[in-house]
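As provided, model.cif (mmCIF, C-alpha atoms, pLDDT in the B column; chains and numbers go by the auth columns) reads as follows.
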data_entry
#
loop_
_atom_site.group_PDB
_atom_site.id
_atom_site.type_symbol
_atom_site.label_atom_id
_atom_site.label_comp_id
_atom_site.label_asym_id
_atom_site.label_seq_id
_atom_site.Cartn_x
_atom_site.Cartn_y
_atom_site.Cartn_z
_atom_site.B_iso_or_equiv
_atom_site.auth_seq_id
_atom_site.auth_asym_id
ATOM 1 C CA MET A 1 12.913 -18.466 0.772 94.00 16 A
ATOM 2 C CA ILE A 2 13.266 -15.988 -2.070 95.00 17 A
ATOM 3 C CA VAL A 3 14.955 -12.587 -1.867 96.00 18 A
ATOM 4 C CA GLY A 4 14.687 -9.910 -4.529 95.00 19 A
ATOM 5 C CA SER A 5 14.266 -6.288 -5.499 96.00 20 A
ATOM 6 C CA LEU A 6 11.200 -4.665 -6.990 95.00 21 A
ATOM 7 C CA ALA A 7 13.640 -2.946 -9.372 94.00 22 A
ATOM 8 C CA HIS A 8 14.048 -6.395 -10.969 94.00 23 A
ATOM 9 C CA TRP A 9 10.327 -7.210 -10.937 91.00 24 A
ATOM 10 C CA PRO A 10 10.175 -8.034 -14.695 89.00 25 A
ATOM 11 C CA MET A 11 12.667 -10.873 -14.118 91.00 26 A
ATOM 12 C CA PHE A 12 10.885 -12.208 -11.014 90.00 27 A
ATOM 13 C CA ARG A 13 7.532 -11.890 -12.758 90.00 28 A
ATOM 14 C CA LYS A 14 8.636 -14.545 -15.244 91.00 29 A
ATOM 15 C CA THR A 15 9.733 -17.071 -12.617 92.00 30 A
ATOM 16 C CA LEU A 16 7.512 -16.780 -9.540 93.00 31 A
ATOM 17 C CA PRO A 17 4.422 -18.971 -9.173 94.00 32 A
ATOM 18 C CA GLU A 18 1.198 -17.343 -10.372 95.00 33 A
ATOM 19 C CA ALA A 19 -0.264 -16.929 -6.866 95.00 34 A
ATOM 20 C CA LEU A 20 2.796 -14.959 -5.716 96.00 35 A
ATOM 21 C CA ARG A 21 2.888 -12.807 -8.869 96.00 36 A
ATOM 22 C CA HIS A 22 -0.803 -12.062 -8.566 96.00 37 A
ATOM 23 C CA ALA A 23 -0.567 -11.107 -4.875 97.00 38 A
ATOM 24 C CA ILE A 24 2.449 -8.850 -5.376 96.00 39 A
ATOM 25 C CA GLU A 25 0.988 -7.132 -8.434 95.00 40 A
ATOM 26 C CA ARG A 26 -2.349 -6.508 -6.696 96.00 41 A
ATOM 27 C CA THR A 27 -0.524 -5.120 -3.653 96.00 42 A
ATOM 28 C CA LEU A 28 1.663 -2.843 -5.768 95.00 43 A
ATOM 29 C CA THR A 29 -1.472 -1.155 -7.164 96.00 44 A
ATOM 30 C CA LEU A 30 -2.110 0.222 -3.660 96.00 45 A
ATOM 31 C CA ASP A 31 -0.526 3.416 -2.359 96.00 46 A
ATOM 32 C CA LEU A 32 1.654 1.556 0.135 97.00 47 A
ATOM 33 C CA ASP A 33 3.360 4.687 1.437 94.00 48 A
ATOM 34 C CA SER A 34 0.115 6.205 2.680 95.00 49 A
ATOM 35 C CA LEU A 35 -1.978 3.105 3.375 97.00 50 A
ATOM 36 C CA ALA A 36 -3.019 2.951 7.044 98.00 51 A
ATOM 37 C CA ILE A 37 -1.277 0.563 9.412 98.00 52 A
ATOM 38 C CA GLY A 38 -3.243 -2.662 9.724 98.00 53 A
ATOM 39 C CA ARG A 39 -4.840 -5.371 7.608 97.00 54 A
ATOM 40 C CA HIS A 40 -6.144 -4.689 4.100 97.00 55 A
ATOM 41 C CA PRO A 41 -7.965 -7.381 2.115 97.00 56 A
ATOM 42 C CA ILE A 42 -6.863 -8.252 -1.398 96.00 57 A
ATOM 43 C CA GLU A 43 -8.952 -11.428 -1.749 97.00 58 A
ATOM 44 C CA GLY A 44 -10.578 -12.044 1.630 96.00 59 A
ATOM 45 C CA ASP A 45 -8.652 -14.432 3.874 96.00 60 A
ATOM 46 C CA ASP A 46 -6.853 -15.960 0.874 98.00 61 A
ATOM 47 C CA ILE A 47 -4.679 -12.900 0.169 98.00 62 A
ATOM 48 C CA PHE A 48 -4.319 -9.820 2.326 98.00 63 A
ATOM 49 C CA VAL A 49 -1.645 -7.276 3.182 98.00 64 A
ATOM 50 C CA LEU A 50 -0.546 -6.035 6.589 98.00 65 A
ATOM 51 C CA ILE A 51 1.017 -2.584 6.743 98.00 66 A
ATOM 52 C CA GLN A 52 3.415 -2.445 9.675 98.00 67 A
ATOM 53 C CA GLU A 53 5.656 0.200 11.210 98.00 68 A
ATOM 54 C CA MET A 54 8.079 -0.489 14.047 98.00 69 A
ATOM 55 C CA PRO A 55 11.671 0.083 15.089 98.00 70 A
ATOM 56 C CA THR A 56 14.207 -2.624 14.354 98.00 71 A
ATOM 57 C CA ARG A 57 15.676 -4.348 17.409 98.00 72 A
ATOM 58 C CA PRO A 58 18.710 -6.452 18.312 98.00 73 A
ATOM 59 C CA ALA A 59 18.322 -9.981 16.942 96.00 74 A
ATOM 60 C CA ASN A 60 18.819 -11.458 20.403 94.00 75 A
ATOM 61 C CA ASP A 61 15.669 -9.626 21.559 96.00 76 A
ATOM 62 C CA LEU A 62 13.565 -11.333 18.870 96.00 77 A
ATOM 63 C CA ARG A 63 12.471 -14.930 18.365 95.00 78 A
ATOM 64 C CA PRO A 64 12.437 -16.939 15.138 95.00 79 A
ATOM 65 C CA GLU A 65 8.944 -17.635 13.870 95.00 80 A
ATOM 66 C CA ALA A 66 7.225 -19.857 11.332 95.00 81 A
ATOM 67 C CA HIS A 67 3.763 -20.147 9.856 95.00 82 A
ATOM 68 C CA ARG A 68 1.701 -23.137 8.786 94.00 83 A
ATOM 69 C CA ARG A 69 -1.062 -21.720 6.576 96.00 84 A
ATOM 70 C CA TYR A 70 0.286 -18.550 4.981 98.00 85 A
ATOM 71 C CA ILE A 71 3.204 -17.645 2.754 98.00 86 A
ATOM 72 C CA ASP A 72 4.804 -14.358 3.836 97.00 87 A
ATOM 73 C CA ILE A 73 5.985 -11.856 1.250 97.00 88 A
ATOM 74 C CA GLN A 74 7.571 -8.980 3.135 98.00 89 A
ATOM 75 C CA ILE A 75 8.246 -5.825 1.105 98.00 90 A
ATOM 76 C CA LEU A 76 10.366 -3.258 2.910 98.00 91 A
ATOM 77 C CA LEU A 77 9.045 0.225 2.155 98.00 92 A
ATOM 78 C CA LYS A 78 11.286 2.332 4.421 98.00 93 A
ATOM 79 C CA GLY A 79 14.530 1.746 6.329 98.00 94 A
ATOM 80 C CA ARG A 80 16.839 -1.262 6.515 98.00 95 A
ATOM 81 C CA GLU A 81 15.968 -4.558 8.124 98.00 96 A
ATOM 82 C CA ALA A 82 17.925 -7.742 8.749 98.00 97 A
ATOM 83 C CA TYR A 83 16.197 -11.126 8.714 97.00 98 A
ATOM 84 C CA GLY A 84 17.468 -14.246 10.381 96.00 99 A
ATOM 85 C CA PHE A 85 16.560 -17.430 8.530 96.00 100 A
ATOM 86 C CA SER A 86 17.167 -21.141 8.865 92.00 101 A
ATOM 87 C CA SER A 87 15.970 -24.348 7.287 87.00 102 A
ATOM 88 C CA PRO A 88 12.741 -25.993 8.426 86.00 103 A
ATOM 89 C CA ASN A 89 13.196 -28.468 11.260 86.00 104 A
ATOM 90 C CA PRO A 90 10.063 -30.542 11.947 84.00 105 A
ATOM 91 C CA ASP A 91 11.613 -31.852 15.187 87.00 106 A
ATOM 92 C CA LEU A 92 12.026 -28.383 16.737 88.00 107 A
ATOM 93 C CA GLN A 93 9.265 -27.636 19.238 91.00 108 A
ATOM 94 C CA PRO A 94 7.891 -24.075 19.519 93.00 109 A
ATOM 95 C CA VAL A 95 8.410 -22.062 22.685 94.00 110 A
ATOM 96 C CA GLU A 96 5.070 -20.358 21.964 95.00 111 A
ATOM 97 C CA ASP A 97 2.480 -21.948 19.670 95.00 112 A
ATOM 98 C CA ARG A 98 -0.206 -19.606 18.307 95.00 113 A
ATOM 99 C CA LEU A 99 -0.715 -21.491 15.032 94.00 114 A
ATOM 100 C CA THR A 100 -4.374 -22.368 15.570 93.00 115 A
ATOM 101 C CA ASN A 101 -5.631 -18.812 16.078 94.00 116 A
ATOM 102 C CA HIS A 102 -2.921 -16.627 14.521 95.00 117 A
ATOM 103 C CA ASP A 103 -0.871 -18.875 12.178 95.00 118 A
ATOM 104 C CA ILE A 104 2.374 -18.135 14.019 96.00 119 A
ATOM 105 C CA ALA A 105 4.646 -20.076 16.325 95.00 120 A
ATOM 106 C CA PHE A 106 7.841 -18.823 17.926 95.00 121 A
ATOM 107 C CA TYR A 107 10.933 -21.012 18.228 94.00 122 A
ATOM 108 C CA PRO A 108 14.295 -21.018 19.980 91.00 123 A
ATOM 109 C CA GLY A 109 17.251 -19.739 17.961 86.00 124 A
ATOM 110 C CA GLN A 110 19.256 -22.242 15.963 83.00 125 A
ATOM 111 C CA ALA A 111 23.000 -22.474 15.473 82.00 126 A
ATOM 112 C CA SER A 112 22.448 -22.737 11.699 87.00 127 A
ATOM 113 C CA GLU A 113 20.757 -19.318 11.441 93.00 128 A
ATOM 114 C CA ASN A 114 21.970 -16.937 8.732 95.00 129 A
ATOM 115 C CA PHE A 115 21.085 -13.290 8.087 97.00 130 A
ATOM 116 C CA VAL A 116 20.184 -11.217 5.054 98.00 131 A
ATOM 117 C CA THR A 117 19.672 -7.444 4.982 98.00 132 A
ATOM 118 C CA LEU A 118 16.941 -5.707 2.999 98.00 133 A
ATOM 119 C CA ALA A 119 16.693 -2.061 1.996 98.00 134 A
ATOM 120 C CA ALA A 120 13.635 -0.157 0.779 97.00 135 A
ATOM 121 C CA ASN A 121 11.923 -1.733 -2.265 97.00 136 A
ATOM 122 C CA GLU A 122 13.401 -5.159 -1.631 98.00 137 A
ATOM 123 C CA PHE A 123 11.330 -8.195 -0.703 97.00 138 A
ATOM 124 C CA ILE A 124 11.680 -11.588 0.903 98.00 139 A
ATOM 125 C CA VAL A 125 9.385 -14.605 0.651 97.00 140 A
ATOM 126 C CA PHE A 126 9.017 -17.201 3.396 97.00 141 A
ATOM 127 C CA PHE A 127 7.057 -20.387 2.801 96.00 142 A
ATOM 128 C CA PRO A 128 5.209 -22.243 5.577 94.00 143 A
ATOM 129 C CA GLY A 129 7.617 -23.966 7.941 92.00 144 A
ATOM 130 C CA GLU A 130 10.581 -21.745 7.067 94.00 145 A
ATOM 131 C CA PHE A 131 12.043 -20.156 10.187 94.00 146 A
ATOM 132 C CA HIS A 132 12.557 -16.416 10.006 96.00 147 A
ATOM 133 C CA ARG A 133 13.410 -13.661 12.481 97.00 148 A
ATOM 134 C CA PRO A 134 12.181 -10.320 11.072 98.00 149 A
ATOM 135 C CA CYS A 135 12.727 -6.770 12.360 98.00 150 A
ATOM 136 C CA CYS A 136 16.408 -7.189 13.266 98.00 151 A
ATOM 137 C CA GLU A 137 18.525 -4.041 13.370 98.00 152 A
ATOM 138 C CA VAL A 138 21.412 -3.542 10.938 97.00 153 A
ATOM 139 C CA ASP A 139 23.560 -0.753 12.454 95.00 154 A
ATOM 140 C CA GLY A 140 21.405 0.162 15.415 96.00 155 A
ATOM 141 C CA SER A 141 17.678 0.589 15.742 98.00 156 A
ATOM 142 C CA GLU A 142 15.812 2.488 13.039 98.00 157 A
ATOM 143 C CA PRO A 143 12.159 2.896 12.085 98.00 158 A
ATOM 144 C CA ILE A 144 10.895 0.662 9.296 98.00 159 A
ATOM 145 C CA ARG A 145 7.685 0.446 7.306 98.00 160 A
ATOM 146 C CA LYS A 146 6.747 -2.675 5.408 98.00 161 A
ATOM 147 C CA ALA A 147 3.957 -4.457 3.619 98.00 162 A
ATOM 148 C CA VAL A 148 3.542 -8.103 4.598 98.00 163 A
ATOM 149 C CA ILE A 149 1.482 -9.957 2.015 98.00 164 A
ATOM 150 C CA LYS A 150 -0.155 -13.134 3.324 98.00 165 A
ATOM 151 C CA ILE A 151 -1.092 -15.780 0.773 98.00 166 A
ATOM 152 C CA ASP A 152 -2.914 -18.958 1.713 98.00 167 A
ATOM 153 C CA ALA A 153 -0.474 -21.724 0.706 97.00 168 A
ATOM 154 C CA ARG A 154 -3.277 -23.821 -0.777 97.00 169 A
ATOM 155 C CA LEU A 155 -3.338 -21.307 -3.673 96.00 170 A
ATOM 156 C CA LEU A 156 -0.039 -22.735 -4.881 92.00 171 A
#
In structure tokens, how does this file's structure come out?
Amino acid sequence: MIVGSLAHWPMFRKTLPEALRHAIERTLTLDLDSLAIGRHPIEGDDIFVLIQEMPTRPANDLRPEAHRRYIDIQILLKGREAYGFSSPNPDLQPVEDRLTNHDIAFYPGQASENFVTLAANEFIVFFPGEFHRPCCEVDGSEPIRKAVIKIDARLL
């Protein structure tokens, strides 16, 4: 997991792997504030961005998730959002497995879960297998808008 701010992009640009830099820079050329909700291709199924809008919710109403194929780079465009995160645990069985068709599985919460809060123009990166619980409220529910960049992990 990596957390950062686009305000410090020149620093991150020097340290992130090329595939992540490339995907973020291509995405930032788009007008993310007015781009329609939904999926937008960057490089076919290898790199694409999902524009999402939703209200944040109590963490207990949401389930941790993990992916197998894609790296998630979530850039918060509007609002504040908390993310639960915990270390990969290959022994933990999903409560709902949609990996084959949708590259997502949902898991039970873990006692070792921690939280980080993002504000607009901050980003978080989750690698395959890393548990994360997005869309958690900070001080009550609020609307958020974000760009979720999906990068096929084989590009690393």
**Message:** Just want the 12 Å neighbourhood of Leu21 in chain A, counted on all atoms listed in the file, with same-chain residues fewer than 5 positions away dropped. Output as a count of residues only.
**Reply:** 18
**Item:** Selection result for the PyMOL selection byres ((chain A and resi 165) around 6) on this file, as a PyMOL selection string
**Value:** chain A and resi 62-63+85-87+164+166
**Request:** Choose the residue, out of A:Pro123, A:Val163, A:Leu171, A:Gly94, that has the smallest atom-to-atom separation from His55 in chain A; count only C-alpha atoms.
**Result:** A:Val163
**Asked** Looking at A:Pro103, A:Ala168, A:His23, A:Ala162, which one is nearest to Arg54 in chain A, with distances taken over all atoms listed in the file?
**Response** A:Ala162
**Asked** If you measure from CA of Asn129 in chain A to CA of Ile88 in chain A, what distance in Å do you get, rounded to one decimal?
**Response** 18.4 Å
Selection: 7 Å around Lys93 in chain A, all atoms listed in the file, excl. self and same-chain fewer than 5 positions, as a compact mmCIF listing (two decimals) with C-alpha atoms, in the coordinates of the input:
# COMPACT_ATOMS: atom_id res chain seq x y z
CA ALA A 135 13.64 -0.16 0.78
CA ILE A 159 10.90 0.66 9.30
CA ARG A 160 7.68 0.45 7.31
CA LYS A 161 6.75 -2.68 5.41
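Remark: for Arg148 in chain A, the closest of the candidate residues A:Arg83, A:Arg78, A:Arg169, A:Thr115 is A:Arg78 (distances computed over only C-alpha atoms).
Under the PyMOL selection byres ((chain A and resi 113) around 12), the matching residues in the shown file are Glu80, Ala81, His82, Arg83, Arg84, Pro109, Val110, Glu111, Asp112, Leu114, Thr115, Asn116, His117, Asp118, Ile119, Ala120, Phe121 and Tyr122 of chain A.
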**Item:** Polymer residues at most 6 Å from (-5.0, -7.3, -4.0) by all atoms listed in the file, as a PyMOL selection string
**Value:** chain A and resi 38+41-42+57
**Item:** Distance of CA of Glu68 in chain A from CA of Glu96 in chain A, expressed in Å to one decimal place
**Value:** 11.8 Å
**Request:** Write out as a ChimeraX atom specification which residues come within 10 Å of Val153 in chain A when counting all atoms listed in the file, dropping same-chain ones fewer than 2 positions away.
**Result:** /A:71-74,94-98,131-133,150-151,155-157
Would you place a box with edges along x, y and z of the file around all atoms of range 126-140 of chain A listed there, add 8 Å to each of its six sides, and report the centre and edge lengths in Å to one decimal, as AutoDock Vina command-line options?
--center_x 16.2 --center_y -11.4 --center_z 6.6 --size_x 29.6 --size_y 38.6 --size_z 33.7
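Note that the spacing between CA of Met69 in chain A and CA of Phe141 in chain A amounts to 19.8 Å.
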Reconstruct range 137-171 of chain A at the level of N, CA and C atoms, and format the result as a short mmCIF file (atom, residue, chain, number, x, y, z; two decimals), keeping the file's coordinate frame.
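As written to disk, selection-v4.cif reads:
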data_model
loop_
_atom_site.label_atom_id
_atom_site.label_comp_id
_atom_site.auth_asym_id
_atom_site.auth_seq_id
_atom_site.Cartn_x
_atom_site.Cartn_y
_atom_site.Cartn_z
N GLU A 137 12.99 -3.77 -1.50
CA GLU A 137 13.40 -5.16 -1.63
C GLU A 137 12.38 -6.02 -0.90
N PHE A 138 12.32 -7.30 -1.30
CA PHE A 138 11.33 -8.20 -0.70
C PHE A 138 11.95 -9.54 -0.37
N ILE A 139 11.26 -10.25 0.51
CA ILE A 139 11.68 -11.59 0.90
C ILE A 139 10.42 -12.44 1.04
N VAL A 140 10.51 -13.68 0.62
CA VAL A 140 9.38 -14.60 0.65
C VAL A 140 9.75 -15.76 1.57
N PHE A 141 8.86 -16.05 2.52
CA PHE A 141 9.02 -17.20 3.40
C PHE A 141 7.82 -18.12 3.20
N PHE A 142 8.10 -19.39 2.97
CA PHE A 142 7.06 -20.39 2.80
C PHE A 142 6.74 -21.02 4.15
N PRO A 143 5.56 -21.62 4.30
CA PRO A 143 5.21 -22.24 5.58
C PRO A 143 6.30 -23.21 6.05
N GLY A 144 6.60 -23.11 7.34
CA GLY A 144 7.62 -23.97 7.94
C GLY A 144 9.02 -23.39 7.92
N GLU A 145 9.25 -22.35 7.11
CA GLU A 145 10.58 -21.74 7.07
C GLU A 145 10.74 -20.78 8.25
N PHE A 146 11.79 -21.01 9.03
CA PHE A 146 12.04 -20.16 10.19
C PHE A 146 12.60 -18.82 9.73
N HIS A 147 12.06 -17.75 10.30
CA HIS A 147 12.56 -16.42 10.01
C HIS A 147 12.43 -15.53 11.23
N ARG A 148 13.37 -14.60 11.36
CA ARG A 148 13.41 -13.66 12.48
C ARG A 148 13.43 -12.27 11.87
N PRO A 149 12.25 -11.65 11.68
CA PRO A 149 12.18 -10.32 11.07
C PRO A 149 12.49 -9.22 12.08
N CYS A 150 12.61 -8.01 11.57
CA CYS A 150 12.73 -6.77 12.36
C CYS A 150 14.06 -6.62 13.09
N CYS A 151 15.10 -7.30 12.62
CA CYS A 151 16.41 -7.19 13.27
C CYS A 151 17.12 -5.93 12.79
N GLU A 152 17.80 -5.26 13.71
CA GLU A 152 18.52 -4.04 13.37
C GLU A 152 19.78 -4.37 12.56
N VAL A 153 20.20 -3.39 11.76
CA VAL A 153 21.41 -3.54 10.94
C VAL A 153 22.58 -2.84 11.64
N ASP A 154 22.53 -1.53 11.75
CA ASP A 154 23.56 -0.75 12.45
C ASP A 154 22.89 0.09 13.53
N GLY A 155 22.18 -0.54 14.42
CA GLY A 155 21.40 0.16 15.42
C GLY A 155 19.94 0.22 15.02
N SER A 156 19.11 0.54 15.97
CA SER A 156 17.68 0.59 15.74
C SER A 156 17.31 1.73 14.79
N GLU A 157 16.35 1.46 13.93
CA GLU A 157 15.81 2.49 13.04
C GLU A 157 14.36 2.15 12.73
N PRO A 158 13.56 3.17 12.42
CA PRO A 158 12.16 2.90 12.08
C PRO A 158 12.05 2.25 10.70
N ILE A 159 11.16 1.29 10.60
CA ILE A 159 10.90 0.66 9.30
C ILE A 159 9.40 0.69 9.03
N ARG A 160 9.07 0.60 7.76
CA ARG A 160 7.68 0.45 7.31
C ARG A 160 7.72 -0.66 6.27
N LYS A 161 6.77 -1.58 6.38
CA LYS A 161 6.75 -2.68 5.41
C LYS A 161 5.33 -3.14 5.14
N ALA A 162 5.20 -3.80 4.01
CA ALA A 162 3.96 -4.46 3.62
C ALA A 162 4.21 -5.95 3.70
N VAL A 163 3.42 -6.65 4.48
CA VAL A 163 3.54 -8.10 4.60
C VAL A 163 2.32 -8.71 3.91
N ILE A 164 2.56 -9.32 2.77
CA ILE A 164 1.48 -9.96 2.02
C ILE A 164 1.35 -11.38 2.53
N LYS A 165 0.14 -11.78 2.86
CA LYS A 165 -0.16 -13.13 3.32
C LYS A 165 -0.94 -13.84 2.23
N ILE A 166 -0.44 -14.99 1.81
CA ILE A 166 -1.09 -15.78 0.77
C ILE A 166 -1.35 -17.18 1.31
N ASP A 167 -2.60 -17.61 1.27
CA ASP A 167 -2.91 -18.96 1.71
C ASP A 167 -2.14 -19.94 0.84
N ALA A 168 -1.35 -20.80 1.45
CA ALA A 168 -0.47 -21.72 0.71
C ALA A 168 -1.25 -22.68 -0.19
N ARG A 169 -2.50 -22.91 0.09
CA ARG A 169 -3.28 -23.82 -0.78
C ARG A 169 -3.46 -23.25 -2.19
N LEU A 170 -3.22 -21.92 -2.35
CA LEU A 170 -3.34 -21.31 -3.67
C LEU A 170 -2.19 -21.70 -4.60
N LEU A 171 -1.13 -22.26 -4.02
CA LEU A 171 -0.04 -22.74 -4.88
C LEU A 171 -0.47 -24.04 -5.50
#
